[in-house]
Structure formats: structure tokens, C-alpha cells
>>> print(open('work-v9.cif').read())   # mmCIF, N, CA and C atoms
data_start
#
loop_
_atom_site.label_atom_id
_atom_site.label_comp_id
_atom_site.auth_asym_id
_atom_site.auth_seq_id
_atom_site.Cartn_x
_atom_site.Cartn_y
_atom_site.Cartn_z
N GLN A 87 136.10 128.71 114.57
CA GLN A 87 135.21 127.55 114.60
C GLN A 87 135.58 126.59 113.49
N VAL A 88 135.65 125.32 113.84
CA VAL A 88 135.93 124.27 112.87
C VAL A 88 134.69 123.39 112.74
N GLN A 89 134.28 123.14 111.53
CA GLN A 89 133.17 122.22 111.29
C GLN A 89 133.73 120.93 110.69
N LEU A 90 133.21 119.81 111.18
CA LEU A 90 133.68 118.50 110.75
C LEU A 90 132.51 117.67 110.26
N VAL A 91 132.67 117.05 109.10
CA VAL A 91 131.62 116.21 108.54
C VAL A 91 132.22 114.86 108.19
N GLU A 92 131.69 113.81 108.85
CA GLU A 92 132.19 112.45 108.60
C GLU A 92 131.35 111.76 107.54
N SER A 93 131.98 110.78 106.89
CA SER A 93 131.27 109.92 105.95
C SER A 93 131.99 108.59 105.87
N GLY A 94 131.29 107.59 105.34
CA GLY A 94 131.95 106.31 105.07
C GLY A 94 131.56 105.18 105.99
N GLY A 95 130.74 105.43 106.98
CA GLY A 95 130.33 104.34 107.85
C GLY A 95 129.36 103.40 107.14
N GLY A 96 129.05 102.29 107.81
CA GLY A 96 128.11 101.35 107.23
C GLY A 96 128.21 99.99 107.88
N LEU A 97 127.62 99.02 107.22
CA LEU A 97 127.60 97.64 107.70
C LEU A 97 128.59 96.81 106.89
N VAL A 98 129.41 96.05 107.59
CA VAL A 98 130.41 95.22 106.92
C VAL A 98 130.56 93.92 107.70
N GLN A 99 130.91 92.87 107.02
CA GLN A 99 131.15 91.60 107.69
C GLN A 99 132.53 91.59 108.34
N ALA A 100 132.67 90.77 109.35
CA ALA A 100 133.96 90.62 110.00
C ALA A 100 135.02 90.23 108.97
N GLY A 101 136.18 90.86 109.10
CA GLY A 101 137.25 90.64 108.15
C GLY A 101 137.26 91.63 107.00
N GLY A 102 136.18 92.39 106.88
CA GLY A 102 136.08 93.35 105.80
C GLY A 102 136.76 94.66 106.11
N SER A 103 136.59 95.62 105.19
CA SER A 103 137.23 96.92 105.30
C SER A 103 136.24 98.04 105.06
N LEU A 104 136.54 99.18 105.67
CA LEU A 104 135.81 100.42 105.43
C LEU A 104 136.81 101.56 105.50
N ARG A 105 136.48 102.66 104.82
CA ARG A 105 137.28 103.86 104.95
C ARG A 105 136.38 105.02 105.35
N LEU A 106 136.73 105.63 106.46
CA LEU A 106 136.01 106.80 106.93
C LEU A 106 136.73 108.06 106.46
N SER A 107 135.94 109.08 106.18
CA SER A 107 136.49 110.38 105.79
C SER A 107 135.91 111.45 106.69
N CYS A 108 136.70 112.48 106.92
CA CYS A 108 136.25 113.62 107.72
C CYS A 108 136.75 114.88 107.05
N ALA A 109 135.82 115.69 106.57
CA ALA A 109 136.18 116.94 105.92
C ALA A 109 136.04 118.09 106.91
N ALA A 110 137.08 118.89 107.01
CA ALA A 110 137.08 120.03 107.92
C ALA A 110 136.92 121.33 107.15
N SER A 111 136.21 122.27 107.76
CA SER A 111 136.06 123.59 107.17
C SER A 111 136.03 124.63 108.28
N GLY A 112 136.42 125.88 107.93
CA GLY A 112 136.40 126.94 108.93
C GLY A 112 137.53 126.81 109.92
N GLY A 113 138.47 127.71 109.91
CA GLY A 113 139.55 127.68 110.90
C GLY A 113 140.52 126.54 110.74
N VAL A 114 140.61 125.99 109.53
CA VAL A 114 141.44 124.79 109.34
C VAL A 114 142.92 125.07 109.48
N PHE A 115 143.34 126.31 109.31
CA PHE A 115 144.77 126.60 109.35
C PHE A 115 145.34 126.51 110.75
N SER A 116 144.48 126.47 111.76
CA SER A 116 144.97 126.40 113.13
C SER A 116 144.76 125.03 113.75
N ILE A 117 144.52 124.02 112.92
CA ILE A 117 144.30 122.67 113.46
C ILE A 117 145.64 122.03 113.78
N TYR A 118 145.79 121.57 115.03
CA TYR A 118 147.03 120.92 115.44
C TYR A 118 146.95 119.41 115.24
N PHE A 119 145.87 118.83 115.72
CA PHE A 119 145.67 117.39 115.62
C PHE A 119 144.29 117.12 115.04
N MET A 120 144.19 116.03 114.29
CA MET A 120 142.89 115.50 113.92
C MET A 120 142.89 114.03 114.29
N GLY A 121 141.74 113.55 114.64
CA GLY A 121 141.70 112.16 115.07
C GLY A 121 140.32 111.56 114.96
N TRP A 122 140.29 110.27 115.26
CA TRP A 122 139.05 109.52 115.29
C TRP A 122 138.87 108.91 116.67
N TYR A 123 137.69 109.08 117.20
CA TYR A 123 137.28 108.45 118.44
C TYR A 123 136.10 107.53 118.11
N ARG A 124 135.82 106.63 119.02
CA ARG A 124 134.63 105.79 118.83
C ARG A 124 133.95 105.55 120.17
N GLN A 125 132.66 105.30 120.08
CA GLN A 125 131.88 105.01 121.27
C GLN A 125 130.92 103.88 120.98
N ALA A 126 131.14 102.77 121.65
CA ALA A 126 130.26 101.61 121.52
C ALA A 126 129.14 101.74 122.54
N PRO A 127 128.02 101.06 122.31
CA PRO A 127 126.90 101.14 123.25
C PRO A 127 127.32 100.77 124.67
N GLY A 128 126.99 101.62 125.61
CA GLY A 128 127.30 101.33 127.01
C GLY A 128 128.74 101.55 127.40
N LYS A 129 129.54 102.08 126.49
CA LYS A 129 130.96 102.29 126.79
C LYS A 129 131.33 103.75 126.63
N GLN A 130 132.48 104.11 127.21
CA GLN A 130 132.96 105.47 127.08
C GLN A 130 133.59 105.69 125.70
N ARG A 131 133.60 106.94 125.30
CA ARG A 131 134.26 107.29 124.05
C ARG A 131 135.76 107.08 124.22
N GLU A 132 136.40 106.49 123.21
CA GLU A 132 137.82 106.22 123.28
C GLU A 132 138.53 106.68 122.01
N LEU A 133 139.78 107.05 122.18
CA LEU A 133 140.60 107.46 121.04
C LEU A 133 140.98 106.24 120.22
N VAL A 134 140.77 106.33 118.93
CA VAL A 134 141.16 105.25 118.01
C VAL A 134 142.52 105.57 117.39
N ALA A 135 142.65 106.77 116.83
CA ALA A 135 143.88 107.17 116.17
C ALA A 135 143.88 108.68 116.02
N ASP A 136 145.07 109.27 116.01
CA ASP A 136 145.15 110.68 115.70
C ASP A 136 146.41 110.97 114.89
N ILE A 137 146.41 112.17 114.29
CA ILE A 137 147.51 112.56 113.42
C ILE A 137 147.76 114.05 113.61
N SER A 138 149.04 114.41 113.75
CA SER A 138 149.39 115.81 113.95
C SER A 138 149.45 116.54 112.62
N SER A 139 149.58 117.85 112.70
CA SER A 139 149.71 118.64 111.47
C SER A 139 150.97 118.26 110.71
N GLY A 140 151.96 117.71 111.43
CA GLY A 140 153.20 117.29 110.79
C GLY A 140 153.18 115.86 110.29
N GLY A 141 152.10 115.15 110.58
CA GLY A 141 151.96 113.79 110.08
C GLY A 141 152.28 112.69 111.07
N SER A 142 152.63 113.03 112.30
CA SER A 142 152.87 112.00 113.31
C SER A 142 151.56 111.36 113.73
N THR A 143 151.59 110.04 113.86
CA THR A 143 150.37 109.30 114.16
C THR A 143 150.48 108.51 115.45
N SER A 144 149.34 108.23 116.04
CA SER A 144 149.29 107.32 117.18
C SER A 144 148.00 106.53 117.09
N TYR A 145 148.02 105.33 117.67
CA TYR A 145 146.90 104.41 117.56
C TYR A 145 146.60 103.76 118.91
N ALA A 146 145.34 103.43 119.11
CA ALA A 146 144.98 102.58 120.24
C ALA A 146 145.55 101.19 119.99
N ASP A 147 145.95 100.51 121.06
CA ASP A 147 146.53 99.18 120.91
C ASP A 147 145.58 98.22 120.18
N SER A 148 144.30 98.39 120.40
CA SER A 148 143.30 97.48 119.83
C SER A 148 143.19 97.56 118.32
N VAL A 149 143.71 98.63 117.72
CA VAL A 149 143.58 98.78 116.27
C VAL A 149 144.93 98.81 115.55
N LYS A 150 146.02 98.77 116.28
CA LYS A 150 147.34 98.81 115.66
C LYS A 150 147.50 97.65 114.68
N GLY A 151 148.01 97.97 113.51
CA GLY A 151 148.20 96.96 112.49
C GLY A 151 146.99 96.70 111.62
N ARG A 152 145.84 97.24 112.02
CA ARG A 152 144.61 97.06 111.24
C ARG A 152 144.07 98.38 110.69
N PHE A 153 144.22 99.45 111.43
CA PHE A 153 143.70 100.75 111.02
C PHE A 153 144.86 101.67 110.65
N THR A 154 144.60 102.54 109.69
CA THR A 154 145.59 103.54 109.29
C THR A 154 144.92 104.90 109.17
N ILE A 155 145.48 105.89 109.85
CA ILE A 155 144.97 107.24 109.74
C ILE A 155 145.87 108.01 108.80
N SER A 156 145.27 108.85 107.97
CA SER A 156 146.05 109.67 107.05
C SER A 156 145.35 111.02 106.90
N ARG A 157 146.08 111.95 106.31
CA ARG A 157 145.57 113.32 106.25
C ARG A 157 145.95 113.93 104.92
N ASP A 158 145.00 114.56 104.27
CA ASP A 158 145.25 115.29 103.03
C ASP A 158 145.06 116.77 103.36
N ASN A 159 146.16 117.46 103.59
CA ASN A 159 146.08 118.86 104.01
C ASN A 159 145.48 119.75 102.91
N ALA A 160 145.72 119.38 101.66
CA ALA A 160 145.17 120.19 100.56
C ALA A 160 143.64 120.15 100.55
N LYS A 161 143.09 119.01 100.98
CA LYS A 161 141.64 118.85 101.00
C LYS A 161 141.06 119.05 102.40
N ASN A 162 141.92 119.33 103.37
CA ASN A 162 141.46 119.48 104.76
C ASN A 162 140.65 118.28 105.20
N THR A 163 141.14 117.11 104.86
CA THR A 163 140.41 115.88 105.12
C THR A 163 141.30 114.87 105.81
N VAL A 164 140.73 114.15 106.76
CA VAL A 164 141.44 113.06 107.42
C VAL A 164 140.68 111.77 107.14
N TYR A 165 141.42 110.69 106.99
CA TYR A 165 140.85 109.40 106.64
C TYR A 165 141.20 108.38 107.71
N LEU A 166 140.35 107.38 107.82
CA LEU A 166 140.65 106.22 108.66
C LEU A 166 140.36 104.98 107.83
N GLN A 167 141.41 104.32 107.40
CA GLN A 167 141.27 103.06 106.68
C GLN A 167 141.22 101.95 107.71
N MET A 168 140.14 101.20 107.70
CA MET A 168 139.94 100.14 108.68
C MET A 168 139.89 98.80 107.96
N ASN A 169 140.86 97.96 108.26
CA ASN A 169 140.94 96.63 107.67
C ASN A 169 140.78 95.56 108.74
N SER A 170 140.50 94.36 108.31
CA SER A 170 140.35 93.22 109.23
C SER A 170 139.40 93.58 110.37
N LEU A 171 138.28 94.12 110.02
CA LEU A 171 137.34 94.59 111.03
C LEU A 171 136.78 93.43 111.85
N LYS A 172 136.54 93.73 113.13
CA LYS A 172 136.02 92.75 114.07
C LYS A 172 134.69 93.25 114.62
N PRO A 173 133.84 92.35 115.10
CA PRO A 173 132.57 92.80 115.69
C PRO A 173 132.78 93.81 116.82
N GLU A 174 133.87 93.70 117.54
CA GLU A 174 134.12 94.65 118.64
C GLU A 174 134.51 96.04 118.15
N ASP A 175 134.69 96.21 116.85
CA ASP A 175 134.93 97.54 116.30
C ASP A 175 133.61 98.29 116.08
N THR A 176 132.50 97.61 116.27
CA THR A 176 131.21 98.25 116.10
C THR A 176 131.05 99.41 117.07
N ALA A 177 130.75 100.60 116.52
CA ALA A 177 130.65 101.80 117.33
C ALA A 177 130.26 102.97 116.44
N VAL A 178 129.91 104.07 117.08
CA VAL A 178 129.82 105.33 116.36
C VAL A 178 131.20 105.95 116.37
N TYR A 179 131.68 106.31 115.21
CA TYR A 179 133.02 106.89 115.06
C TYR A 179 132.88 108.41 114.88
N TYR A 180 133.63 109.13 115.69
CA TYR A 180 133.57 110.58 115.68
C TYR A 180 134.90 111.16 115.23
N CYS A 181 134.82 112.13 114.36
CA CYS A 181 135.99 112.89 113.96
C CYS A 181 136.22 114.00 114.98
N ASN A 182 137.49 114.27 115.27
CA ASN A 182 137.85 115.28 116.25
C ASN A 182 138.97 116.14 115.70
N ALA A 183 138.92 117.42 116.01
CA ALA A 183 140.01 118.33 115.65
C ALA A 183 140.36 119.17 116.86
N LEU A 184 141.64 119.35 117.08
CA LEU A 184 142.14 120.23 118.13
C LEU A 184 142.70 121.46 117.46
N SER A 185 142.12 122.62 117.78
CA SER A 185 142.43 123.81 117.01
C SER A 185 142.34 125.05 117.87
N GLY A 186 143.08 126.08 117.45
CA GLY A 186 142.89 127.41 118.02
C GLY A 186 143.69 127.69 119.27
N VAL A 187 143.52 128.92 119.75
CA VAL A 187 144.15 129.37 120.98
C VAL A 187 143.07 129.99 121.86
N PRO A 188 142.85 129.42 123.07
CA PRO A 188 143.45 128.18 123.58
C PRO A 188 142.97 126.98 122.77
N PRO A 189 143.73 125.89 122.77
CA PRO A 189 143.33 124.71 121.99
C PRO A 189 141.96 124.21 122.40
N THR A 190 141.12 123.98 121.40
CA THR A 190 139.73 123.58 121.63
C THR A 190 139.42 122.35 120.80
N HIS A 191 138.68 121.42 121.40
CA HIS A 191 138.26 120.22 120.67
C HIS A 191 136.96 120.50 119.92
N TYR A 192 136.92 120.12 118.67
CA TYR A 192 135.72 120.18 117.86
C TYR A 192 135.36 118.76 117.44
N TRP A 193 134.05 118.50 117.32
CA TRP A 193 133.57 117.16 117.04
C TRP A 193 132.62 117.14 115.86
N GLY A 194 132.70 116.05 115.09
CA GLY A 194 131.68 115.80 114.09
C GLY A 194 130.48 115.13 114.75
N LYS A 195 129.46 114.87 113.95
CA LYS A 195 128.24 114.27 114.50
C LYS A 195 128.33 112.76 114.62
N GLY A 196 129.33 112.16 113.99
CA GLY A 196 129.54 110.73 114.10
C GLY A 196 128.99 109.94 112.94
N THR A 197 129.60 108.80 112.70
CA THR A 197 129.13 107.88 111.66
C THR A 197 129.18 106.47 112.22
N LEU A 198 128.13 105.71 111.99
CA LEU A 198 127.99 104.38 112.59
C LEU A 198 128.70 103.33 111.76
N VAL A 199 129.52 102.54 112.43
CA VAL A 199 130.17 101.39 111.82
C VAL A 199 129.65 100.14 112.53
N THR A 200 129.10 99.23 111.77
CA THR A 200 128.58 97.98 112.32
C THR A 200 129.29 96.82 111.64
N VAL A 201 129.90 95.96 112.45
CA VAL A 201 130.63 94.81 111.93
C VAL A 201 129.89 93.55 112.38
N SER A 202 129.40 92.82 111.42
CA SER A 202 128.65 91.61 111.73
C SER A 202 129.57 90.40 111.77
N SER A 203 129.22 89.45 112.61
CA SER A 203 130.07 88.24 112.76
C SER A 203 129.63 87.15 111.80
#
>>> encode(input="work-v9.cif", output="C-alpha cells")
Amino acid sequence: QVQLVESGGGLVQAGGSLRLSCAASGGVFSIYFMGWYRQAPGKQRELVADISSGGSTSYADSVKGRFTISRDNAKNTVYLQMNSLKPEDTAVYYCNALSGVPPTHYWGKGTLVTVSS
């Protein structure tokens, strides 16, 4: 079992920055991927960015060049640096980990990011 705790959400003006953190505990040695998803009101949850245990990253087209995902394996923590935020980035952001055999998705409770225009 992997437990994930997010932090760092809040209210920011358009053009501003926020950094989200996600601390993992329990079963961390078997985590293959960690990532961030988001869900805006009335919309489906979507992948924002993810990072493999080896450090390979991928991003949604909508955030490329603005968001950066990183991982501190020593602290079992993944970060999402969000720059040049737009009102359409407003959503609940969820941390996700893919871990174990068979691979299983684990989710944090989410942190709200609100970008005002």
C-alpha cells in the first residue's frame, strides 16, 4: 500500500506560479511512475505530467513549457512546478503513483488550485 499526501495548492493570479508537493509513504520501493492529474468542475480527470523511477517525464500538451515535474527519490516526494498559470489550470490536482505487482494506481486526496483572471 502506498499513501500519498499532496500540499501546495491555493489561489494565485493568472501569470503566477505555484509548486505542488506529494509525499509518498509505504511501499515506495516498488513505485514505477508518479504523476499529477487534475480534474476541473464538470470535466474528466486528465493526466498533467508523470515521471518514471528513472526520471523520464511526459506532459500534457496544455502544460508543456509551463509546468515541470521532478522527483526526489531520497525524500519519496514528487513536485509539480507550475509557472505562467492560466485560469483554465483551475482544478483539483491529484497525485498518483503506479506501484506493485500487479501494477496498481494509488491516489492522494487532491489539492485545489485556483487561478484568477
>>> atom_distance(input="work-v9.cif", atom1="CA of Lys129 (chain A)", atom2="atom N of Arg152 (chain A)")
21.6 Å
>>> resolve_selection(input="work-v9.cif", expression="the PyMOL selection byres ((chain A and resi 185-202) around 6)", output="PyMOL selection string")
chain A and resi 90-92+95-100+116-119+172-173+175-184+203
>>> closest_residue(input="work-v9.cif", among="A:Met120, A:Met168, A:Val149, A:Val88", to="Gly101 (chain A)", atoms="all atoms listed in the file")
A:Met168
>>> axis_aligned_box(input="work-v9.cif", around="region 165-184 of chain A", padding_each_side="4 Å", output="AutoDock Vina command-line options")
--center_x 136.3 --center_y 106.9 --center_z 112.6 --size_x 20.9 --size_y 37.1 --size_z 20.0
>>> closest_residue(input="work-v9.cif", among="A:Gly128, A:Ser138, A:Ser107, A:Gly113", to="Val164 (chain A)", atoms="only N, CA and C atoms")
A:Ser107
>>> resolve_selection(input="work-v9.cif", expression="the PyMOL selection byres ((chain A and resi 153) around 6.5)", output="MDAnalysis selection string")
chainID A and resid 149:152 154:155 166:169
>>> atom_distance(input="work-v9.cif", atom1="atom C of Arg157 (chain A)", atom2="atom C of Ser139 (chain A)")
8.8 Å
>>> atom_distance(input="work-v9.cif", atom1="CA of Ser111 (chain A)", atom2="CA of Lys161 (chain A)")
9.6 Å
>>> select_by_dssp(input="work-v9.cif", residues="chain A", states="strand (DSSP E)", output="JSON, numbers by chain")
{"A": [89, 90, 91, 92, 93, 96, 97, 98, 99, 104, 105, 106, 107, 108, 109, 110, 111, 117, 118, 119, 120, 121, 122, 123, 124, 125, 132, 133, 134, 135, 136, 137, 138, 143, 144, 145, 153, 154, 155, 156, 157, 158, 163, 164, 165, 166, 167, 168, 177, 178, 179, 180, 181, 182, 183, 184, 185, 190, 191, 192, 193, 197, 198, 199, 200, 201, 202]}
>>> closest_residue(input="work-v9.cif", among="A:Glu132, A:Tyr165, A:Ser156, A:Cys108", to="Ser93 (chain A)", atoms="all atoms listed in the file")
A:Cys108
>>> residues_around(input="work-v9.cif", residues="Leu133 (chain A)", least_positions_apart="6", cutoff="6.5 Å", atoms="only N, CA and C atoms", output="NGL selection string")
:A and (122-124 or 145-146)
>>> closest_residue(input="work-v9.cif", among="A:Asp158, A:Gly121, A:Ser148, A:Phe115", to="Ala135 (chain A)", atoms="all atoms listed in the file")
A:Gly121
